[in-house]
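Input: a single structure, listed below in structure tokens.
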Amino acid sequence: MVRAIQLCVERWPRLKDIIDKRYTHEYLRQKLEWQIREGIADIKGQAVVIHQVDSMRAKGLQAVDYVAWAFWQKYQRGDESYCQIIKDKVIVEEVIEVK
């Protein structure tokens, strides 16, 4: 997630980031926000506001869930049909392997 936000901030230094409030434990939510802030700290001129909201109440987050699912289908199942629907809207596609 941090890498995705870095890529966005490099293009749009003033950013309002709305992320799913999926962690019920306050410590984990704060840790996630800290990791994001650390990841963008070196980007000059950035002003990022982070809001954590329940995805059930934010239609934009539901749309992002579709995008994530579409790319999961592409890379885990080899089915690119869902990514084809949104391909003209994708600015950067970068695969990050977690070890």
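Identifiers in the structure tokens: chain A, B, ... in order shown; residue index from 1 per chain; ligand index from 1 in order shown.
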- Task: From the DSSP assignment of the backbone, select every residue of range 36-76 of chain A that is strand (DSSP E or B), and format the answer as an NGL selection string.
- Result: :A and (47-53)
Export of the given selection (N, CA and C atoms) as a JSON list (two decimals), in the first residue's frame:
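Output (out09.json):
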[["chain", "number", "residue", "atom", "x", "y", "z"],
["A", 47, "ALA", "N", 1.57, 17.22, 0.58],
["A", 47, "ALA", "CA", 0.62, 17.48, 1.66],
["A", 47, "ALA", "C", -0.46, 16.41, 1.54],
["A", 48, "VAL", "N", -0.38, 15.42, 2.40],
["A", 48, "VAL", "CA", -1.28, 14.27, 2.31],
["A", 48, "VAL", "C", -2.15, 14.21, 3.56],
["A", 49, "VAL", "N", -3.44, 14.13, 3.33],
["A", 49, "VAL", "CA", -4.41, 13.95, 4.40],
["A", 49, "VAL", "C", -4.88, 12.50, 4.31],
["A", 50, "ILE", "N", -4.81, 11.80, 5.42],
["A", 50, "ILE", "CA", -5.22, 10.39, 5.45],
["A", 50, "ILE", "C", -6.48, 10.25, 6.29],
["A", 51, "HIS", "N", -7.49, 9.64, 5.69],
["A", 51, "HIS", "CA", -8.73, 9.33, 6.40],
["A", 51, "HIS", "C", -8.93, 7.83, 6.35],
["A", 52, "GLN", "N", -9.22, 7.25, 7.49],
["A", 52, "GLN", "CA", -9.55, 5.83, 7.55],
["A", 52, "GLN", "C", -11.05, 5.72, 7.82],
["A", 53, "VAL", "N", -11.76, 5.09, 6.87],
["A", 53, "VAL", "CA", -13.21, 4.95, 6.98],
["A", 53, "VAL", "C", -13.61, 3.50, 6.71]]
Spatial neighbours of Glu94 in chain A, 12 Å, only C-alpha atoms, chain gap at least 5 places, as a ChimeraX atom specification:
/A:1,3-4,7,71,75
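Counting only C-alpha atoms, the residue from A:Lys31, A:Gln46, A:Gln84, A:Asp20 that sits nearest to Lys59 in chain A is A:Asp20.
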(request) Using only C-alpha atoms, pick whichever of A:Ile86, A:Ile19, A:Cys8, A:Val2 has the shortest atom-to-atom distance to Tyr66 in chain A. (result)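 Counting only C-alpha atoms, the residue closest to Tyr66 in chain A is A:Ile86.
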Contacts of Gln6 in chain A at 9 Å (only C-alpha atoms; same-chain gap of 5+ positions) as a PyMOL selection string: chain A and resi 1+11+36+39-40+43
Please save C-alpha atoms of the selected residues as a CSV table (one decimal), in the first residue's frame.
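Output (selection_33.csv):
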chain,number,residue,atom,x,y,z
A,1,MET,CA,0.0,0.0,0.0
A,11,ARG,CA,2.1,12.7,-9.4
A,36,ILE,CA,2.5,5.6,4.9
A,39,GLY,CA,7.1,6.2,3.0
A,40,ILE,CA,6.3,9.6,1.6
A,43,ILE,CA,8.8,13.5,-1.4
